[in-house]
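Asker: So here's query-v4.cif (mmCIF, C-alpha atoms; chains and numbers go by the auth columns).
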```cif
data_model
loop_
_atom_site.group_PDB
_atom_site.id
_atom_site.type_symbol
_atom_site.label_atom_id
_atom_site.label_comp_id
_atom_site.label_asym_id
_atom_site.label_seq_id
_atom_site.Cartn_x
_atom_site.Cartn_y
_atom_site.Cartn_z
_atom_site.B_iso_or_equiv
_atom_site.auth_seq_id
_atom_site.auth_asym_id
ATOM 1 C CA MET A 1 214.088 22.871 109.201 0.00 1 I
ATOM 2 C CA SER A 2 215.720 25.491 107.041 0.00 2 I
ATOM 3 C CA SER A 3 218.683 27.836 107.319 0.00 3 I
ATOM 4 C CA ASP A 4 216.819 30.658 105.549 0.00 4 I
ATOM 5 C CA PRO A 5 215.316 31.882 107.712 0.00 5 I
ATOM 6 C CA ASP A 6 216.638 29.875 110.664 0.00 6 I
ATOM 7 C CA SER A 7 213.473 27.959 111.320 0.00 7 I
ATOM 8 C CA PHE A 8 212.129 24.705 112.609 0.00 8 I
ATOM 9 C CA GLY A 9 208.727 23.014 112.695 0.00 9 I
ATOM 10 C CA ALA A 10 207.492 19.585 113.715 0.00 10 I
ATOM 11 C CA VAL A 11 204.393 17.472 114.227 0.00 11 I
ATOM 12 C CA GLY A 12 204.202 14.194 116.091 0.00 12 I
ATOM 13 C CA ALA A 13 201.831 11.461 117.215 0.00 13 I
ATOM 14 C CA VAL A 14 199.527 12.124 114.259 0.00 14 I
ATOM 15 C CA THR A 15 197.450 9.579 112.372 0.00 15 I
ATOM 16 C CA SER A 16 195.028 11.517 110.187 0.00 16 I
ATOM 17 C CA ILE A 17 197.418 13.923 108.430 0.00 17 I
ATOM 18 C CA CYS A 18 198.012 12.498 104.958 0.00 18 I
ATOM 19 C CA ASN A 19 201.549 13.904 104.632 0.00 19 I
ATOM 20 C CA PRO A 20 202.915 14.933 108.047 0.00 20 I
ATOM 21 C CA ILE A 21 206.003 16.533 106.480 0.00 21 I
ATOM 22 C CA GLN A 22 203.656 19.101 104.867 0.00 22 I
ATOM 23 C CA ALA A 23 202.228 19.909 108.288 0.00 23 I
ATOM 24 C CA ALA A 24 205.728 20.233 109.769 0.00 24 I
ATOM 25 C CA ASN A 25 206.670 22.605 106.938 0.00 25 I
ATOM 26 C CA ALA A 26 203.552 24.705 107.604 0.00 26 I
ATOM 27 C CA VAL A 27 204.408 24.831 111.332 0.00 27 I
ATOM 28 C CA MET A 28 207.948 25.914 110.407 0.00 28 I
ATOM 29 C CA ARG A 29 206.681 28.695 108.131 0.00 29 I
ATOM 30 C CA ALA A 30 204.201 29.891 110.782 0.00 30 I
ATOM 31 C CA SER A 31 206.822 29.916 113.534 0.00 31 I
ATOM 32 C CA SER A 32 209.329 31.811 111.375 0.00 32 I
ATOM 33 C CA ARG A 33 206.826 34.684 110.961 0.00 33 I
ATOM 34 C CA GLY A 34 207.001 35.375 114.702 0.00 34 I
ATOM 35 C CA PRO A 35 204.213 36.453 117.063 0.00 35 I
ATOM 36 C CA ASP A 36 200.817 37.536 115.739 0.00 36 I
ATOM 37 C CA LYS A 37 201.072 41.326 115.892 0.00 37 I
ATOM 38 C CA ARG A 38 197.356 41.745 116.610 0.00 38 I
ATOM 39 C CA VAL A 39 197.244 39.722 119.832 0.00 39 I
ATOM 40 C CA GLY A 40 200.838 38.681 120.500 0.00 40 I
ATOM 41 C CA LEU A 41 200.246 34.929 120.222 0.00 41 I
ATOM 42 C CA ILE A 42 203.446 32.979 119.717 0.00 42 I
ATOM 43 C CA PRO A 43 203.094 30.455 116.885 0.00 43 I
ATOM 44 C CA PRO A 44 203.891 26.794 117.573 0.00 44 I
ATOM 45 C CA MET A 45 207.172 25.090 116.682 0.00 45 I
ATOM 46 C CA PHE A 46 206.001 21.584 117.562 0.00 46 I
ATOM 47 C CA LEU A 47 202.430 20.261 117.678 0.00 47 I
ATOM 48 C CA VAL A 48 201.319 16.752 118.620 0.00 48 I
ATOM 49 C CA GLY A 49 198.249 14.538 118.515 0.00 49 I
ATOM 50 C CA ASN A 50 194.794 16.023 118.115 0.00 50 I
ATOM 51 C CA GLY A 51 196.153 19.569 118.363 0.00 51 I
ATOM 52 C CA ALA A 52 198.466 18.990 115.403 0.00 52 I
ATOM 53 C CA GLU A 53 195.701 17.357 113.395 0.00 53 I
ATOM 54 C CA SER A 54 193.216 20.181 114.086 0.00 54 I
ATOM 55 C CA TRP A 55 195.806 22.849 113.276 0.00 55 I
ATOM 56 C CA ALA A 56 196.764 21.090 110.025 0.00 56 I
ATOM 57 C CA LYS A 57 193.136 20.835 108.959 0.00 57 I
ATOM 58 C CA GLU A 58 192.638 24.579 109.687 0.00 58 I
ATOM 59 C CA GLN A 59 195.657 25.289 107.456 0.00 59 I
ATOM 60 C CA GLY A 60 194.129 23.304 104.579 0.00 60 I
ATOM 61 C CA ILE A 61 196.558 20.387 104.857 0.00 61 I
ATOM 62 C CA PRO A 62 194.842 17.176 103.680 0.00 62 I
ATOM 63 C CA THR A 63 193.668 14.801 106.405 0.00 63 I
ATOM 64 C CA ASP A 64 191.964 11.423 106.254 0.00 64 I
ATOM 65 C CA LEU A 65 190.299 9.782 109.235 0.00 65 I
ATOM 66 C CA ASP A 66 190.226 6.372 107.519 0.00 66 I
ATOM 67 C CA ARG A 67 193.542 5.020 108.784 0.00 67 I
ATOM 68 C CA ARG A 68 193.104 1.400 107.705 0.00 68 I
ATOM 69 C CA HIS A 69 194.229 2.002 104.117 0.00 69 I
ATOM 70 C CA LYS A 70 197.586 3.266 105.451 0.00 70 I
ATOM 71 C CA ILE A 71 198.427 -0.126 106.998 0.00 71 I
ATOM 72 C CA THR A 72 199.515 -2.917 104.678 0.00 72 I
ATOM 73 C CA ASP A 73 198.365 -6.485 105.276 0.00 73 I
ATOM 74 C CA ASN A 74 202.026 -7.486 105.742 0.00 74 I
ATOM 75 C CA ALA A 75 202.558 -4.822 108.427 0.00 75 I
ATOM 76 C CA LEU A 76 199.380 -5.894 110.201 0.00 76 I
ATOM 77 C CA ALA A 77 200.494 -9.549 110.181 0.00 77 I
ATOM 78 C CA LYS A 78 203.933 -8.617 111.576 0.00 78 I
ATOM 79 C CA TYR A 79 202.299 -6.524 114.281 0.00 79 I
ATOM 80 C CA ALA A 80 200.083 -9.468 115.292 0.00 80 I
ATOM 81 C CA GLU A 81 203.132 -11.772 115.319 0.00 81 I
ATOM 82 C CA TYR A 82 205.126 -9.442 117.580 0.00 82 I
ATOM 83 C CA MET A 83 202.150 -8.825 119.864 0.00 83 I
ATOM 84 C CA GLU A 84 201.767 -12.595 120.319 0.00 84 I
ATOM 85 C CA GLN A 85 205.476 -12.888 121.174 0.00 85 I
ATOM 86 C CA ALA A 86 205.346 -9.984 123.597 0.00 86 I
ATOM 87 C CA PHE A 87 201.991 -10.813 125.187 0.00 87 I
ATOM 88 C CA PRO A 88 201.155 -14.505 124.651 0.00 88 I
ATOM 89 C CA ALA A 89 197.490 -15.343 125.102 0.00 89 I
ATOM 90 C CA HIS A 90 196.613 -16.550 128.599 0.00 90 I
ATOM 91 C CA SER A 91 200.089 -16.055 130.074 0.00 91 I
ATOM 92 C CA GLN A 92 201.921 -13.410 132.000 0.00 92 I
ATOM 93 C CA PRO A 93 205.543 -12.472 131.245 0.00 93 I
ATOM 94 C CA THR A 94 207.873 -14.002 133.815 0.00 94 I
ATOM 95 C CA GLY A 95 211.129 -12.373 132.765 0.00 95 I
ATOM 96 C CA PRO A 96 212.639 -9.862 130.382 0.00 96 I
ATOM 97 C CA LEU A 97 210.836 -9.377 127.081 0.00 97 I
ATOM 98 C CA THR A 98 212.741 -10.724 124.061 0.00 98 I
ATOM 99 C CA LEU A 99 211.288 -10.506 120.573 0.00 99 I
ATOM 100 C CA GLN A 100 212.497 -12.796 117.806 0.00 100 I
ATOM 101 C CA ILE A 101 213.062 -10.385 114.913 0.00 101 I
ATOM 102 C CA SER A 102 214.802 -11.791 111.855 0.00 102 I
ATOM 103 C CA ASP A 103 217.619 -9.993 110.026 0.00 103 I
ATOM 104 C CA ASP A 104 215.403 -9.373 107.002 0.00 104 I
ATOM 105 C CA ASP A 105 212.746 -7.692 109.128 0.00 105 I
ATOM 106 C CA ASP A 106 212.284 -4.006 108.434 0.00 106 I
ATOM 107 C CA MET A 107 209.861 -3.374 111.284 0.00 107 I
ATOM 108 C CA LEU A 108 212.473 -1.494 113.332 0.00 108 I
ATOM 109 C CA LEU A 109 213.710 0.640 110.439 0.00 109 I
ATOM 110 C CA ASP A 110 211.213 3.410 110.016 0.00 110 I
ATOM 111 C CA THR A 111 212.862 6.801 109.589 0.00 111 I
ATOM 112 C CA VAL A 112 213.507 8.535 106.285 0.00 112 I
ATOM 113 C CA GLY A 113 215.144 11.875 105.715 0.00 113 I
ATOM 114 C CA ALA A 114 216.332 14.331 103.114 0.00 114 I
ATOM 115 C CA VAL A 115 218.822 17.198 103.141 0.00 115 I
ATOM 116 C CA CYS A 116 218.956 19.787 100.339 0.00 116 I
ATOM 117 C CA ILE A 117 221.321 22.663 99.616 0.00 117 I
ATOM 118 C CA ASP A 118 220.114 25.110 96.997 0.00 118 I
ATOM 119 C CA SER A 119 222.181 27.334 94.682 0.00 119 I
ATOM 120 C CA ARG A 120 222.171 30.112 97.321 0.00 120 I
ATOM 121 C CA GLY A 121 223.592 27.763 99.958 0.00 121 I
ATOM 122 C CA VAL A 122 220.316 27.495 101.890 0.00 122 I
ATOM 123 C CA VAL A 123 220.152 24.177 103.709 0.00 123 I
ATOM 124 C CA SER A 124 216.798 22.484 104.310 0.00 124 I
ATOM 125 C CA ALA A 125 216.171 19.131 105.943 0.00 125 I
ATOM 126 C CA GLY A 126 213.187 16.979 106.784 0.00 126 I
ATOM 127 C CA VAL A 127 212.697 13.637 108.479 0.00 127 I
ATOM 128 C CA SER A 128 209.704 11.408 108.912 0.00 128 I
ATOM 129 C CA SER A 129 209.087 8.348 111.019 0.00 129 I
ATOM 130 C CA GLY A 130 206.313 5.823 110.553 0.00 130 I
ATOM 131 C CA GLY A 131 206.776 4.520 114.073 0.00 131 I
ATOM 132 C CA ILE A 132 208.431 1.441 115.521 0.00 132 I
ATOM 133 C CA VAL A 133 206.326 -1.659 116.079 0.00 133 I
ATOM 134 C CA LEU A 134 205.260 -2.096 119.728 0.00 134 I
ATOM 135 C CA LYS A 135 206.556 1.347 120.671 0.00 135 I
ATOM 136 C CA TYR A 136 205.278 2.991 123.802 0.00 136 I
ATOM 137 C CA PRO A 137 202.037 4.893 122.972 0.00 137 I
ATOM 138 C CA GLY A 138 202.707 8.589 122.517 0.00 138 I
ATOM 139 C CA ARG A 139 206.451 8.134 122.003 0.00 139 I
ATOM 140 C CA ILE A 140 208.158 10.836 119.966 0.00 140 I
ATOM 141 C CA GLY A 141 211.336 9.410 118.472 0.00 141 I
ATOM 142 C CA GLU A 142 214.866 10.689 118.355 0.00 142 I
ATOM 143 C CA LEU A 143 214.274 12.405 115.039 0.00 143 I
ATOM 144 C CA LEU A 144 213.073 15.470 116.922 0.00 144 I
ATOM 145 C CA SER A 145 216.577 16.367 118.079 0.00 145 I
ATOM 146 C CA TYR A 146 217.127 19.958 116.976 0.00 146 I
ATOM 147 C CA TRP A 147 219.999 22.286 117.599 0.00 147 I
ATOM 148 C CA LYS A 148 221.775 25.112 115.835 0.00 148 I
ATOM 149 C CA GLU A 149 225.517 25.515 115.699 0.00 149 I
#
```
Can you dump the structure from the file as structure tokens?
Answerer:
Amino acid sequence: MSSDPDSFGAVGAVTSICNPIQAANAVMRASSRGPDKRVGLIPPMFLVGNGAESWAKEQGIPTDLDRRHKITDNALAKYAEYMEQAFPAHSQPTGPLTLQISDDDDMLLDTVGAVCIDSRGVVSAGVSSGGIVLKYPGRIGELLSYWKE
């Protein structure tokens, strides 16, 4: 998001966009231009899933369908560990789900952000989330809270 012009753009639930923040920036720039004067289409402010990935590819934003290289062996092992805790083989949960996550675990800390103020006083900000382990499929996190004061 940027204060010059007042604009906002986001993508979510994407896996093939190499740098989702680039796609969000492109959505922001497209939405700040306003409706297409030829046909009156209103540009998106927030795109998700396949629609976001298709749009990004049409805009020339790099995509990569090979997702395996984006997952480290350590992350994959932690995911398997938590899945086994949450859904033990051959048993059904009988009570509330409790995961044993150690203090040095970083699996729940996934959001990064940056805020910049340039010499003209223009404020720009961006956030990105890699997703929380065992999150509900399709969940869009809190980072998409947007408002203007």
Asker: Tell me which of I:Val122, I:Ala77, I:Leu65, I:Ile117 sits closest to Glu53 of chain I, counting only C-alpha atoms.
Answerer: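 So, comparing all the options, the nearest one is I:Leu65.
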Asker: Go ahead and compute the interatomic distance for atom CA of Ser124 of chain I and atom CA of Ile21 of chain I, in Å to one decimal.
Answerer: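 Pair atom CA of Ser124 of chain I / atom CA of Ile21 of chain I returns 12.5 Å.
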Asker: Between I:Leu41, I:Cys18, I:Ala23, I:Val48, which one has atoms that come closest to Asp64 of chain I, using all atoms listed in the file?
Answerer: I:Cys18
Asker: What does the distance from atom CA of Ala13 of chain I to atom CA of Val127 of chain I come to in Å, to one decimal?
Answerer: 14.1 Å
Asker: Enumerate, as a VMD selection string, the residues matched when the PyMOL selection byres ((chain I and resi 32) around 10) is run on the file above.
Answerer: chain I and resid 2 4 to 9 26 to 31 33 to 35 43 to 45
Asker: Once the PyMOL selection byres ((chain I and resi 51) around 12) is applied to the coordinates I shared, what remains selected? I want it as a ChimeraX atom specification.
Answerer: /I:11-17,23,44,46-50,52-58
Asker: Taking only C-alpha atoms into account, which of I:Ala125, I:Met83, I:Val115, I:Ala10 comes nearest Ile140 of chain I?
Answerer: I:Ala10
Asker: Can you measure atom CA of Arg67 of chain I to atom CA of Gly138 of chain I for me? One decimal in Å is fine.
Answerer: 16.9 Å
Asker: Please determine an axis-aligned box that encloses all atoms of segment 114-133 of chain I listed in the file, with 6 Å added on each side, and express its centre and edge lengths in Å to one decimal as lines of an AutoDock Vina configuration file.
Answerer:
```
center_x = 215.0
center_y = 14.2
center_z = 105.4
size_x = 29.3
size_y = 43.8
size_z = 33.4
```
